[in-house]
file coords23.cif (mmCIF, C-alpha atoms and all ligand atoms)
data_entry
#
loop_
_atom_site.label_atom_id
_atom_site.label_comp_id
_atom_site.auth_asym_id
_atom_site.auth_seq_id
_atom_site.Cartn_x
_atom_site.Cartn_y
_atom_site.Cartn_z
CA MET B 1 2.44 28.29 8.24
CA TYR B 2 4.62 25.77 10.08
CA PRO B 3 4.71 22.23 8.74
CA SER B 4 3.36 19.46 10.93
CA ARG B 5 5.97 17.49 12.87
CA PHE B 6 8.04 15.04 10.85
CA HIS B 7 11.06 12.83 11.32
CA TYR B 8 14.06 13.82 9.14
CA GLU B 9 16.56 11.32 7.75
CA ALA B 10 19.59 12.27 5.65
CA PRO B 11 21.12 8.93 4.62
CA SER B 12 24.51 8.77 2.97
CA THR B 13 23.80 5.60 0.97
CA LEU B 14 20.84 4.30 -1.00
CA ASP B 15 20.68 1.27 1.32
CA GLU B 16 20.17 3.58 4.31
CA ALA B 17 17.51 5.47 2.34
CA PHE B 18 15.66 2.22 1.66
CA GLU B 19 15.83 1.36 5.40
CA ALA B 20 14.19 4.68 6.29
CA ILE B 21 11.52 4.21 3.65
CA GLU B 22 10.83 0.68 4.82
CA ALA B 23 10.35 1.89 8.39
CA TYR B 24 7.72 4.49 7.39
CA GLY B 25 6.14 2.94 4.26
CA ASP B 26 3.72 5.31 2.52
CA GLU B 27 4.31 7.87 5.28
CA ALA B 28 7.85 8.53 4.00
CA LYS B 29 8.61 11.13 1.32
CA ILE B 30 11.83 11.51 -0.63
CA LEU B 31 13.30 15.02 -0.65
CA ALA B 32 15.36 15.85 -3.75
CA GLY B 33 15.42 19.58 -4.60
CA GLY B 34 12.55 20.23 -2.17
CA MET B 35 11.19 22.90 -4.51
CA SER B 36 7.74 21.31 -4.62
CA LEU B 37 7.75 19.20 -1.45
CA ILE B 38 8.72 22.00 0.95
CA PRO B 39 5.95 24.40 -0.16
CA LEU B 40 3.47 21.51 0.08
CA ILE B 41 4.40 20.63 3.67
CA LYS B 42 4.56 24.29 4.69
CA LEU B 43 1.02 24.75 3.39
CA ARG B 44 0.08 21.45 5.08
CA PHE B 45 -1.14 20.00 1.80
CA ALA B 46 1.27 17.17 2.62
CA ALA B 47 2.15 15.88 6.09
CA PRO B 48 4.65 13.03 5.72
CA ALA B 49 5.74 11.31 8.95
CA CYS B 50 9.30 11.08 7.61
CA ILE B 51 11.31 13.02 5.07
CA VAL B 52 14.19 11.10 3.50
CA ASP B 53 16.64 13.67 2.15
CA ILE B 54 18.70 11.99 -0.61
CA ASN B 55 21.07 14.93 -1.15
CA ASN B 56 23.96 13.33 0.77
CA ILE B 57 23.94 10.17 -1.34
CA PRO B 58 26.85 10.20 -3.79
CA GLY B 59 26.43 9.02 -7.38
CA LEU B 60 22.97 10.42 -8.10
CA ASP B 61 24.02 13.79 -9.55
CA TYR B 62 24.99 13.00 -13.13
CA LEU B 63 24.00 13.55 -16.75
CA GLU B 64 25.64 11.15 -19.16
CA GLU B 65 25.22 9.39 -22.47
CA GLU B 66 25.62 5.61 -22.33
CA SER B 67 27.46 3.49 -24.90
CA ASP B 68 24.17 2.60 -26.70
CA GLY B 69 23.43 6.33 -27.20
CA SER B 70 20.78 6.62 -24.47
CA LEU B 71 20.90 9.52 -22.03
CA ARG B 72 20.73 8.92 -18.28
CA ILE B 73 19.81 11.71 -15.88
CA GLY B 74 20.51 10.97 -12.20
CA ALA B 75 17.94 11.70 -9.49
CA LEU B 76 19.98 14.65 -8.20
CA CYS B 77 20.73 16.24 -11.57
CA ARG B 78 19.47 19.83 -11.19
CA HIS B 79 17.62 21.94 -13.75
CA ARG B 80 20.68 24.21 -13.74
CA THR B 81 22.98 21.39 -14.91
CA LEU B 82 20.59 20.71 -17.80
CA GLU B 83 20.42 24.41 -18.66
CA ARG B 84 24.21 24.60 -19.00
CA SER B 85 24.89 21.27 -20.67
CA SER B 86 26.68 21.31 -24.02
CA LEU B 87 25.57 17.68 -24.52
CA LEU B 88 21.93 18.84 -24.41
CA ARG B 89 22.68 21.89 -26.52
CA ASN B 90 24.07 19.68 -29.30
CA ASN B 91 21.96 16.51 -29.10
CA TYR B 92 18.74 17.12 -27.14
CA PRO B 93 17.26 20.41 -28.41
CA VAL B 94 13.87 19.98 -26.75
CA MET B 95 15.55 19.51 -23.35
CA PHE B 96 17.95 22.38 -23.89
CA ALA B 97 15.06 24.70 -24.84
CA THR B 98 13.09 23.71 -21.73
CA ALA B 99 15.65 24.02 -18.93
CA PRO B 100 15.89 27.86 -18.86
CA LEU B 101 12.08 28.12 -18.92
CA ILE B 102 11.63 26.26 -15.60
CA ALA B 103 10.78 28.69 -12.81
CA ASP B 104 13.60 31.06 -11.81
CA PRO B 105 17.35 30.64 -11.12
CA MET B 106 16.81 29.82 -7.42
CA VAL B 107 14.42 26.97 -8.20
CA ARG B 108 16.65 25.76 -11.05
CA ASN B 109 19.65 25.62 -8.70
CA ARG B 110 17.92 23.06 -6.46
CA GLY B 111 15.08 21.39 -8.36
CA THR B 112 15.61 18.17 -10.29
CA LEU B 113 14.12 16.70 -13.46
CA VAL B 114 13.44 13.35 -11.77
CA GLY B 115 11.78 15.12 -8.79
CA SER B 116 9.65 17.12 -11.20
CA ILE B 117 8.39 13.98 -12.95
CA CYS B 118 7.79 12.18 -9.61
CA HIS B 119 5.78 15.20 -8.46
CA ALA B 120 3.54 14.79 -11.57
CA ASP B 121 2.20 18.32 -11.57
CA PRO B 122 0.09 18.64 -14.78
CA GLN B 123 1.77 22.00 -15.25
CA GLY B 124 5.28 20.60 -14.92
CA ASP B 125 7.26 21.05 -18.12
CA TRP B 126 9.64 18.07 -17.92
CA ALA B 127 6.98 15.35 -18.16
CA SER B 128 5.89 16.71 -21.57
CA VAL B 129 9.49 16.81 -22.71
CA MET B 130 10.09 13.23 -21.62
CA LEU B 131 6.85 12.10 -23.31
CA SER B 132 8.04 13.69 -26.55
CA LEU B 133 11.38 11.86 -26.27
CA GLY B 134 9.89 8.47 -25.31
CA GLY B 135 11.63 8.76 -21.92
CA GLU B 136 11.50 6.42 -18.94
CA ILE B 137 11.94 6.55 -15.19
CA ILE B 138 14.25 4.00 -13.58
CA ALA B 139 12.87 2.83 -10.23
CA ARG B 140 14.93 0.81 -7.77
CA ASN B 141 13.78 -1.20 -4.73
CA ALA B 142 15.57 -2.22 -1.52
CA GLU B 143 16.81 -5.46 -3.13
CA GLY B 144 18.56 -3.43 -5.83
CA ARG B 145 16.14 -4.51 -8.56
CA GLU B 146 15.59 -1.82 -11.18
CA ARG B 147 12.61 -1.45 -13.51
CA SER B 148 12.07 1.02 -16.35
CA ILE B 149 8.70 2.71 -16.49
CA PRO B 150 7.81 4.74 -19.62
CA VAL B 151 6.85 8.26 -18.52
CA SER B 152 3.51 7.67 -20.29
CA GLN B 153 2.80 4.99 -17.65
CA PHE B 154 4.68 6.61 -14.78
CA VAL B 155 2.45 9.68 -14.46
CA VAL B 156 -0.94 8.16 -13.67
CA GLY B 157 -2.87 11.25 -12.57
CA PRO B 158 -2.44 14.76 -11.25
CA PHE B 159 0.28 14.52 -8.56
CA GLN B 160 0.26 10.71 -8.80
CA ASN B 161 2.99 8.42 -10.06
CA SER B 162 3.22 4.67 -10.37
CA LEU B 163 6.17 4.09 -8.00
CA GLN B 164 5.44 1.22 -5.64
CA THR B 165 5.88 1.60 -1.89
CA GLY B 166 9.57 1.13 -1.11
CA GLU B 167 10.82 2.24 -4.55
CA ILE B 168 13.02 5.27 -5.29
CA ALA B 169 13.31 6.85 -8.74
CA VAL B 170 17.08 6.76 -9.26
CA ALA B 171 17.23 8.18 -12.80
CA ALA B 172 15.40 9.17 -15.95
CA LYS B 173 16.41 7.76 -19.32
CA VAL B 174 16.02 8.95 -22.91
CA PRO B 175 16.35 6.25 -25.62
CA PRO B 176 18.81 6.63 -28.50
CA ALA B 177 17.60 8.78 -31.41
CA ARG B 178 16.42 7.26 -34.67
CA GLY B 179 18.33 9.76 -36.81
CA THR B 180 19.17 13.42 -36.21
CA ARG B 181 17.23 14.97 -33.37
CA THR B 182 15.61 18.36 -33.77
CA GLY B 183 12.90 20.02 -31.74
CA THR B 184 12.00 22.71 -29.26
CA TYR B 185 9.86 23.63 -26.26
CA LEU B 186 7.51 26.58 -26.59
CA LYS B 187 5.90 27.93 -23.44
CA LEU B 188 3.33 30.66 -22.94
CA GLU B 189 3.59 32.05 -19.41
CA ARG B 190 1.93 35.07 -17.81
CA ARG B 191 5.28 36.32 -16.58
CA VAL B 192 8.86 35.02 -16.63
CA GLY B 193 9.26 32.05 -14.28
CA ASP B 194 5.56 31.19 -14.13
CA PHE B 195 4.03 27.79 -14.79
CA ALA B 196 2.79 27.24 -18.35
CA THR B 197 -0.52 28.57 -19.59
CA VAL B 198 0.34 26.32 -22.55
CA GLY B 199 3.54 24.39 -23.20
CA VAL B 200 4.35 22.37 -26.31
CA ALA B 201 7.26 19.91 -26.50
CA ILE B 202 8.36 18.82 -29.97
CA ASN B 203 10.99 16.19 -30.68
CA LEU B 204 11.68 14.98 -34.23
CA GLU B 205 14.12 12.23 -35.18
CA MET B 206 14.86 12.50 -38.90
CA SER B 207 17.09 11.24 -41.66
CA GLY B 208 17.35 12.73 -45.14
CA GLY B 209 14.33 14.97 -44.52
CA THR B 210 12.09 12.02 -43.48
CA ILE B 211 10.64 11.85 -39.97
CA ASN B 212 11.51 8.50 -38.38
CA ARG B 213 9.90 9.36 -35.08
CA ALA B 214 7.87 12.36 -33.93
CA GLY B 215 7.10 13.25 -30.33
CA ILE B 216 4.62 16.00 -29.44
CA ALA B 217 3.32 16.60 -25.90
CA LEU B 218 1.37 19.35 -24.17
CA THR B 219 1.63 21.05 -20.78
CA GLY B 220 -1.08 22.95 -18.90
CA VAL B 221 -4.01 22.00 -21.12
CA GLY B 222 -5.36 18.92 -19.34
CA GLY B 223 -5.45 16.99 -16.08
CA ASN B 224 -2.04 15.60 -17.05
CA ASN B 225 0.64 16.24 -19.61
CA ILE B 226 -0.82 15.04 -22.90
CA GLN B 227 0.98 12.96 -25.52
CA CYS B 228 -0.46 13.83 -28.95
CA THR B 229 -0.35 10.33 -30.42
CA SER B 230 -2.46 11.11 -33.53
CA ALA B 231 -0.35 14.15 -34.38
CA GLU B 232 2.82 12.09 -33.90
CA GLN B 233 1.53 9.29 -36.13
CA SER B 234 0.48 11.76 -38.82
CA LEU B 235 4.13 12.81 -39.18
CA ALA B 236 5.83 9.40 -39.09
CA GLY B 237 7.48 8.53 -42.41
CA LYS B 238 6.65 11.94 -43.89
CA SER B 239 8.63 15.10 -44.55
CA LEU B 240 7.80 18.53 -43.21
CA ASN B 241 5.73 20.70 -45.54
CA ALA B 242 2.84 23.10 -45.15
CA SER B 243 0.25 20.33 -45.35
CA THR B 244 1.87 17.84 -42.89
CA ILE B 245 2.63 20.66 -40.45
CA ASP B 246 -0.94 21.98 -40.57
CA GLN B 247 -2.42 18.51 -40.07
CA ALA B 248 -0.18 17.75 -37.07
CA ALA B 249 -0.96 21.14 -35.50
CA ARG B 250 -4.72 20.55 -35.90
CA LEU B 251 -4.50 17.04 -34.40
CA ALA B 252 -2.48 18.37 -31.44
CA ALA B 253 -5.03 21.16 -30.84
CA ASP B 254 -7.80 18.50 -30.90
CA ALA B 255 -5.90 16.45 -28.30
CA ALA B 256 -5.75 19.37 -25.85
CA GLN B 257 -8.30 19.36 -23.02
CA PRO B 258 -8.00 22.93 -21.72
CA LYS B 259 -10.28 24.57 -19.18
CA ASN B 260 -11.49 28.15 -18.93
CA ASP B 261 -9.59 29.86 -16.13
CA VAL B 262 -7.76 33.08 -15.24
CA ARG B 263 -5.04 32.15 -17.73
CA GLY B 264 -7.38 32.06 -20.71
CA SER B 265 -10.37 30.51 -22.43
CA ILE B 266 -10.59 27.04 -23.92
CA GLU B 267 -10.56 28.48 -27.45
CA TYR B 268 -7.53 30.67 -26.73
CA LYS B 269 -5.46 27.81 -25.28
CA ARG B 270 -6.38 25.46 -28.13
CA HIS B 271 -5.37 28.14 -30.61
CA ILE B 272 -2.00 28.52 -28.82
CA VAL B 273 -1.42 24.76 -29.09
CA TYR B 274 -2.10 24.93 -32.84
CA THR B 275 0.18 27.96 -33.24
CA PHE B 276 3.03 26.51 -31.18
CA VAL B 277 3.01 23.15 -32.96
CA GLN B 278 2.97 24.89 -36.30
CA ARG B 279 5.77 27.26 -35.23
CA GLY B 280 7.90 24.46 -33.76
CA LEU B 281 7.59 22.27 -36.83
CA SER B 282 8.25 25.20 -39.19
CA SER B 283 11.54 26.19 -37.55
CA ARG B 284 14.64 26.47 -39.69
CA GLU B 285 16.33 23.68 -37.70
CA ALA B 286 13.43 21.27 -38.22
CA ARG B 287 13.32 22.02 -41.94
CA ALA B 288 17.08 21.52 -42.25
CA ALA B 289 17.28 18.12 -40.46
C1 LIG R 301 8.26 29.24 -7.54
C2 LIG R 301 8.31 27.96 -8.30
C3 LIG R 301 8.11 27.98 -9.66
C4 LIG R 301 8.15 26.80 -10.40
N1 LIG R 301 7.98 26.86 -11.74
C5 LIG R 301 8.03 25.72 -12.46
C6 LIG R 301 7.88 25.75 -13.87
O1 LIG R 301 7.73 26.79 -14.49
N2 LIG R 301 7.91 24.56 -14.54
C7 LIG R 301 8.10 23.37 -13.89
O2 LIG R 301 8.13 22.34 -14.56
N3 LIG R 301 8.28 23.32 -12.58
C8 LIG R 301 8.25 24.46 -11.84
N4 LIG R 301 8.42 24.39 -10.49
C9 LIG R 301 8.64 23.07 -9.84
C10 LIG R 301 10.13 22.74 -9.88
O3 LIG R 301 10.47 22.38 -11.18
C11 LIG R 301 10.50 21.61 -8.91
O4 LIG R 301 11.88 21.59 -8.84
C12 LIG R 301 10.08 20.22 -9.31
O5 LIG R 301 8.72 20.15 -9.51
C13 LIG R 301 10.33 19.21 -8.21
O6 LIG R 301 11.66 18.85 -8.20
P1 LIG R 301 12.42 18.71 -6.81
O7 LIG R 301 13.69 18.03 -7.09
O8 LIG R 301 12.47 20.03 -6.14
O9 LIG R 301 11.47 17.68 -6.02
P2 LIG R 301 11.00 17.69 -4.51
O10 LIG R 301 10.26 18.94 -4.18
O11 LIG R 301 12.11 17.30 -3.61
O12 LIG R 301 9.95 16.46 -4.58
C14 LIG R 301 8.75 16.57 -5.29
C15 LIG R 301 7.95 15.26 -5.12
O13 LIG R 301 8.60 14.20 -5.82
C16 LIG R 301 9.04 13.18 -4.91
N5 LIG R 301 10.39 12.78 -5.32
C17 LIG R 301 11.41 13.63 -5.64
N6 LIG R 301 12.49 12.91 -6.04
C18 LIG R 301 12.13 11.61 -5.95
C19 LIG R 301 12.83 10.40 -6.22
N7 LIG R 301 14.10 10.41 -6.68
N8 LIG R 301 12.18 9.22 -6.04
C20 LIG R 301 10.90 9.22 -5.60
N9 LIG R 301 10.18 10.34 -5.32
C21 LIG R 301 10.80 11.52 -5.50
C22 LIG R 301 9.01 13.82 -3.52
O14 LIG R 301 8.80 12.87 -2.49
C23 LIG R 301 7.85 14.79 -3.67
O15 LIG R 301 6.63 14.12 -3.50
C24 LIG R 301 8.39 25.57 -9.73
C25 LIG R 301 8.59 25.55 -8.35
C26 LIG R 301 8.54 26.71 -7.63
C27 LIG R 301 8.78 26.67 -6.16
#

call {"tool": "encode", "arguments": {"input": "coords23.cif", "output": "structure tokens", "more": "lines below"}}
Ligand SMILES: Cc1cc2nc3c(=O)[nH]c(=O)nc-3n(C[C@H](O)[C@H](O)[C@H](O)COP(=O)(O)OP(=O)(O)OC[C@H]3O[C@@H](n4cnc5c(N)ncnc54)[C@H](O)[C@@H]3O)c2cc1C
result
Amino acid sequence: MYPSRFHYEAPSTLDEAFEAIEAYGDEAKILAGGMSLIPLIKLRFAAPACIVDINNIPGLDYLEEESDGSLRIGALCRHRTLERSSLLRNNYPVMFATAPLIADPMVRNRGTLVGSICHADPQGDWASVMLSLGGEIIARNAEGRERSIPVSQFVVGPFQNSLQTGEIAVAAKVPPARGTRTGTYLKLERRVGDFATVGVAINLEMSGGTINRAGIALTGVGGNNIQCTSAEQSLAGKSLNASTIDQAARLAADAAQPKNDVRGSIEYKRHIVYTFVQRGLSSREARAA
């Protein structure tokens, strides 16, 4: 199907991008990797009056740790960059485990983490990962004012985010770790490259075998990515053993809100959540941290 007619802008600065957005208001859509937006407009599920392609704007394609130990991911940082990053391999295991599980190489070459979170697909993997890490989105407006929005408040519904009209998400941010980070992302998919039937993001920040901060979030088992607050709290200040792991896995399974569909029954998906949380927390790396 052909998309409906739209005006196309490819600004070379953020200021020009804000001008285009101001001219079209809610009728303007940012194009980052285009991996979700283009299928939507081709299927006519979306019909923006103007597409503002940010790919020519320098300074948005970066992945760097700041002096305070936080990680900043620019709006044009592709899944592929994350997949190949030695910084993520060494310090952000849940992110490093996720990147190769997103779609296929073609989508990973173009798609972005920030675009994925803005898109707010309940089956998107990155929002769960950012929930588990306590991540934020940095939004900027035409006056250059930036505000940080925790991902837990940024994704407000299926395919809905809390950006205000005229704002662009310029980056995502992960706060510094409270100790050594360990974790993983486990994803059940019907075939390689598919969206998650169930995804479980686990991030632990530990010192001397004690969990300072636990992050557990679920993909594909609710109307949004789900942060398992009770399971997280059950682990805080504790060490990993059979009893704490079992309790956290049960609480995470209780937090899931799966539906019966072609991918599986409610009972099956809940059981996968339990199994994945238990498996992720029982890993050799988690036990060794
Ligand atoms: C075949 C296929 C399989 C896929 N499989 C998976 C998968 O397994 N797991 C997964 O998580 N994802 C999957 N995806 C989605 C993929 O990860 C997309 O790359 C991602 O959802 C969107 O990123 P993007 O940069 O392409 O955003 P775009 O498509 O450019 O934009 C998506 C939406 O976000 C908005 N947006 C983008 N960037 C900004 C910004 N900086 N500021 C404000 N708004 C912005 C756009 O206006 C649009 O509404 C798949 C996609 C395809 C086509």

call {"tool": "residues_around", "arguments": {"input": "coords23.cif", "residues": "segment 132-143 of chain B", "least_positions_apart": "5", "cutoff": "6 Å", "atoms": "all atoms listed in the file", "output": "list in words"}}
result
Phe18, Ser148, Ile149, Pro150, Val151, Glu167, Ile168, Ala169, Val170, Ala171, Ala172, Lys173, Val174, Asn203, Gly215, Ile216 and Ala217 of chain B

call {"tool": "residues_near_point", "arguments": {"input": "coords23.cif", "point": "(14.6, 11.5, -36.5)", "cutoff": "12 Å", "atoms": "all atoms listed in the file", "output": "JSON, numbers by chain"}}
result
{"B": [91, 92, 133, 176, 177, 178, 179, 180, 181, 182, 183, 202, 203, 204, 205, 206, 207, 208, 209, 210, 211, 212, 213, 214, 215, 235, 236, 237, 238, 239, 240, 286, 287, 288, 289]}

call {"tool": "write_last_selection", "arguments": {"input": "coords23.cif", "atoms": "C-alpha atoms", "output": "PDB file, in the frame of the given file"}}
result
ATOM      1  CA  ASN B  91      21.960  16.510 -29.100  1.00  0.00           C
ATOM      2  CA  TYR B  92      18.740  17.120 -27.140  1.00  0.00           C
ATOM      3  CA  LEU B 133      11.380  11.860 -26.270  1.00  0.00           C
ATOM      4  CA  PRO B 176      18.810   6.630 -28.500  1.00  0.00           C
ATOM      5  CA  ALA B 177      17.600   8.780 -31.410  1.00  0.00           C
ATOM      6  CA  ARG B 178      16.420   7.260 -34.670  1.00  0.00           C
ATOM      7  CA  GLY B 179      18.330   9.760 -36.810  1.00  0.00           C
ATOM      8  CA  THR B 180      19.170  13.420 -36.210  1.00  0.00           C
ATOM      9  CA  ARG B 181      17.230  14.970 -33.370  1.00  0.00           C
ATOM     10  CA  THR B 182      15.610  18.360 -33.770  1.00  0.00           C
ATOM     11  CA  GLY B 183      12.900  20.020 -31.740  1.00  0.00           C
ATOM     12  CA  ILE B 202       8.360  18.820 -29.970  1.00  0.00           C
ATOM     13  CA  ASN B 203      10.990  16.190 -30.680  1.00  0.00           C
ATOM     14  CA  LEU B 204      11.680  14.980 -34.230  1.00  0.00           C
ATOM     15  CA  GLU B 205      14.120  12.230 -35.180  1.00  0.00           C
ATOM     16  CA  MET B 206      14.860  12.500 -38.900  1.00  0.00           C
ATOM     17  CA  SER B 207      17.090  11.240 -41.660  1.00  0.00           C
ATOM     18  CA  GLY B 208      17.350  12.730 -45.140  1.00  0.00           C
ATOM     19  CA  GLY B 209      14.330  14.970 -44.520  1.00  0.00           C
ATOM     20  CA  THR B 210      12.090  12.020 -43.480  1.00  0.00           C
ATOM     21  CA  ILE B 211      10.640  11.850 -39.970  1.00  0.00           C
ATOM     22  CA  ASN B 212      11.510   8.500 -38.380  1.00  0.00           C
ATOM     23  CA  ARG B 213       9.900   9.360 -35.080  1.00  0.00           C
ATOM     24  CA  ALA B 214       7.870  12.360 -33.930  1.00  0.00           C
ATOM     25  CA  GLY B 215       7.100  13.250 -30.330  1.00  0.00           C
ATOM     26  CA  LEU B 235       4.130  12.810 -39.180  1.00  0.00           C
ATOM     27  CA  ALA B 236       5.830   9.400 -39.090  1.00  0.00           C
ATOM     28  CA  GLY B 237       7.480   8.530 -42.410  1.00  0.00           C
ATOM     29  CA  LYS B 238       6.650  11.940 -43.890  1.00  0.00           C
ATOM     30  CA  SER B 239       8.630  15.100 -44.550  1.00  0.00           C
ATOM     31  CA  LEU B 240       7.800  18.530 -43.210  1.00  0.00           C
ATOM     32  CA  ALA B 286      13.430  21.270 -38.220  1.00  0.00           C
ATOM     33  CA  ARG B 287      13.320  22.020 -41.940  1.00  0.00           C
ATOM     34  CA  ALA B 288      17.080  21.520 -42.250  1.00  0.00           C
ATOM     35  CA  ALA B 289      17.280  18.120 -40.460  1.00  0.00           C
TER      36      ALA B 289
END

call {"tool": "residues_near_point", "arguments": {"input": "coords23.cif", "point": "(1.5, 14.5, -34.9)", "cutoff": "8 Å", "atoms": "only C-alpha atoms", "output": "list in words"}}
result
Ala214, Gly215, Ile216, Cys228, Thr229, Ser230, Ala231, Glu232, Gln233, Ser234, Leu235, Ala236, Gln247, Ala248, Ala249, Leu251 and Ala252 of chain B

call {"tool": "write_last_selection", "arguments": {"input": "coords23.cif", "atoms": "C-alpha atoms", "output": "mmCIF file, in the frame of the given file"}}
result
data_model
loop_
_atom_site.group_PDB
_atom_site.id
_atom_site.type_symbol
_atom_site.label_atom_id
_atom_site.label_comp_id
_atom_site.auth_asym_id
_atom_site.auth_seq_id
_atom_site.Cartn_x
_atom_site.Cartn_y
_atom_site.Cartn_z
ATOM 1 C CA ALA B 214 7.870 12.360 -33.930
ATOM 2 C CA GLY B 215 7.100 13.250 -30.330
ATOM 3 C CA ILE B 216 4.620 16.000 -29.440
ATOM 4 C CA CYS B 228 -0.460 13.830 -28.950
ATOM 5 C CA THR B 229 -0.350 10.330 -30.420
ATOM 6 C CA SER B 230 -2.460 11.110 -33.530
ATOM 7 C CA ALA B 231 -0.350 14.150 -34.380
ATOM 8 C CA GLU B 232 2.820 12.090 -33.900
ATOM 9 C CA GLN B 233 1.530 9.290 -36.130
ATOM 10 C CA SER B 234 0.480 11.760 -38.820
ATOM 11 C CA LEU B 235 4.130 12.810 -39.180
ATOM 12 C CA ALA B 236 5.830 9.400 -39.090
ATOM 13 C CA GLN B 247 -2.420 18.510 -40.070
ATOM 14 C CA ALA B 248 -0.180 17.750 -37.070
ATOM 15 C CA ALA B 249 -0.960 21.140 -35.500
ATOM 16 C CA LEU B 251 -4.500 17.040 -34.400
ATOM 17 C CA ALA B 252 -2.480 18.370 -31.440
#

call {"tool": "residues_around", "arguments": {"input": "coords23.cif", "residues": "Thr275 of chain B", "least_positions_apart": "5", "cutoff": "12 Å", "atoms": "all atoms listed in the file", "output": "ChimeraX atom specification"}}
result
/B:186-188,198-200,245-253,268-270,280-282

call {"tool": "residues_near_ligand", "arguments": {"input": "coords23.cif", "ligand": "ligand LIG 301 (chain R)", "cutoff": "8 Å", "atoms": "all atoms listed in the file", "output": "JSON, numbers by chain"}}
result
{"B": [28, 29, 30, 31, 32, 33, 34, 35, 36, 37, 38, 39, 51, 54, 75, 76, 78, 79, 101, 102, 103, 104, 107, 108, 110, 111, 112, 113, 114, 115, 116, 117, 118, 119, 120, 121, 123, 124, 125, 126, 127, 139, 163, 167, 168, 169, 170, 171, 193, 194, 195, 196]}

call {"tool": "write_last_selection", "arguments": {"input": "coords23.cif", "atoms": "C-alpha atoms", "output": "compact mmCIF listing (two decimals), in the coordinates of the input"}}
result
# COMPACT_ATOMS: atom_id res chain seq x y z
CA ALA B 28 7.85 8.53 4.00
CA LYS B 29 8.61 11.13 1.32
CA ILE B 30 11.83 11.51 -0.63
CA LEU B 31 13.30 15.02 -0.65
CA ALA B 32 15.36 15.85 -3.75
CA GLY B 33 15.42 19.58 -4.60
CA GLY B 34 12.55 20.23 -2.17
CA MET B 35 11.19 22.90 -4.51
CA SER B 36 7.74 21.31 -4.62
CA LEU B 37 7.75 19.20 -1.45
CA ILE B 38 8.72 22.00 0.95
CA PRO B 39 5.95 24.40 -0.16
CA ILE B 51 11.31 13.02 5.07
CA ILE B 54 18.70 11.99 -0.61
CA ALA B 75 17.94 11.70 -9.49
CA LEU B 76 19.98 14.65 -8.20
CA ARG B 78 19.47 19.83 -11.19
CA HIS B 79 17.62 21.94 -13.75
CA LEU B 101 12.08 28.12 -18.92
CA ILE B 102 11.63 26.26 -15.60
CA ALA B 103 10.78 28.69 -12.81
CA ASP B 104 13.60 31.06 -11.81
CA VAL B 107 14.42 26.97 -8.20
CA ARG B 108 16.65 25.76 -11.05
CA ARG B 110 17.92 23.06 -6.46
CA GLY B 111 15.08 21.39 -8.36
CA THR B 112 15.61 18.17 -10.29
CA LEU B 113 14.12 16.70 -13.46
CA VAL B 114 13.44 13.35 -11.77
CA GLY B 115 11.78 15.12 -8.79
CA SER B 116 9.65 17.12 -11.20
CA ILE B 117 8.39 13.98 -12.95
CA CYS B 118 7.79 12.18 -9.61
CA HIS B 119 5.78 15.20 -8.46
CA ALA B 120 3.54 14.79 -11.57
CA ASP B 121 2.20 18.32 -11.57
CA GLN B 123 1.77 22.00 -15.25
CA GLY B 124 5.28 20.60 -14.92
CA ASP B 125 7.26 21.05 -18.12
CA TRP B 126 9.64 18.07 -17.92
CA ALA B 127 6.98 15.35 -18.16
CA ALA B 139 12.87 2.83 -10.23
CA LEU B 163 6.17 4.09 -8.00
CA GLU B 167 10.82 2.24 -4.55
CA ILE B 168 13.02 5.27 -5.29
CA ALA B 169 13.31 6.85 -8.74
CA VAL B 170 17.08 6.76 -9.26
CA ALA B 171 17.23 8.18 -12.80
CA GLY B 193 9.26 32.05 -14.28
CA ASP B 194 5.56 31.19 -14.13
CA PHE B 195 4.03 27.79 -14.79
CA ALA B 196 2.79 27.24 -18.35

call {"tool": "build_atoms", "arguments": {"input": "coords23.cif", "residues": "segment 264-271 of chain B", "atoms": "N, CA and C atoms", "output": "short mmCIF file (atom, residue, chain, number, x, y, z; two decimals), keeping the file's coordinate frame"}}
result
data_model
loop_
_atom_site.label_atom_id
_atom_site.label_comp_id
_atom_site.auth_asym_id
_atom_site.auth_seq_id
_atom_site.Cartn_x
_atom_site.Cartn_y
_atom_site.Cartn_z
N GLY B 264 -6.85 31.95 -19.36
CA GLY B 264 -7.38 32.06 -20.71
C GLY B 264 -8.55 31.13 -20.95
N SER B 265 -9.19 31.33 -22.09
CA SER B 265 -10.37 30.51 -22.43
C SER B 265 -9.92 29.21 -23.12
N ILE B 266 -10.85 28.30 -23.22
CA ILE B 266 -10.59 27.04 -23.92
C ILE B 266 -10.14 27.31 -25.35
N GLU B 267 -10.85 28.21 -26.04
CA GLU B 267 -10.56 28.48 -27.45
C GLU B 267 -9.16 29.09 -27.60
N TYR B 268 -8.83 30.00 -26.69
CA TYR B 268 -7.53 30.67 -26.73
C TYR B 268 -6.39 29.65 -26.56
N LYS B 269 -6.53 28.78 -25.56
CA LYS B 269 -5.46 27.81 -25.28
C LYS B 269 -5.31 26.81 -26.43
N ARG B 270 -6.45 26.38 -26.99
CA ARG B 270 -6.38 25.46 -28.13
C ARG B 270 -5.68 26.14 -29.32
N HIS B 271 -5.99 27.40 -29.51
CA HIS B 271 -5.37 28.14 -30.61
C HIS B 271 -3.85 28.26 -30.38
#
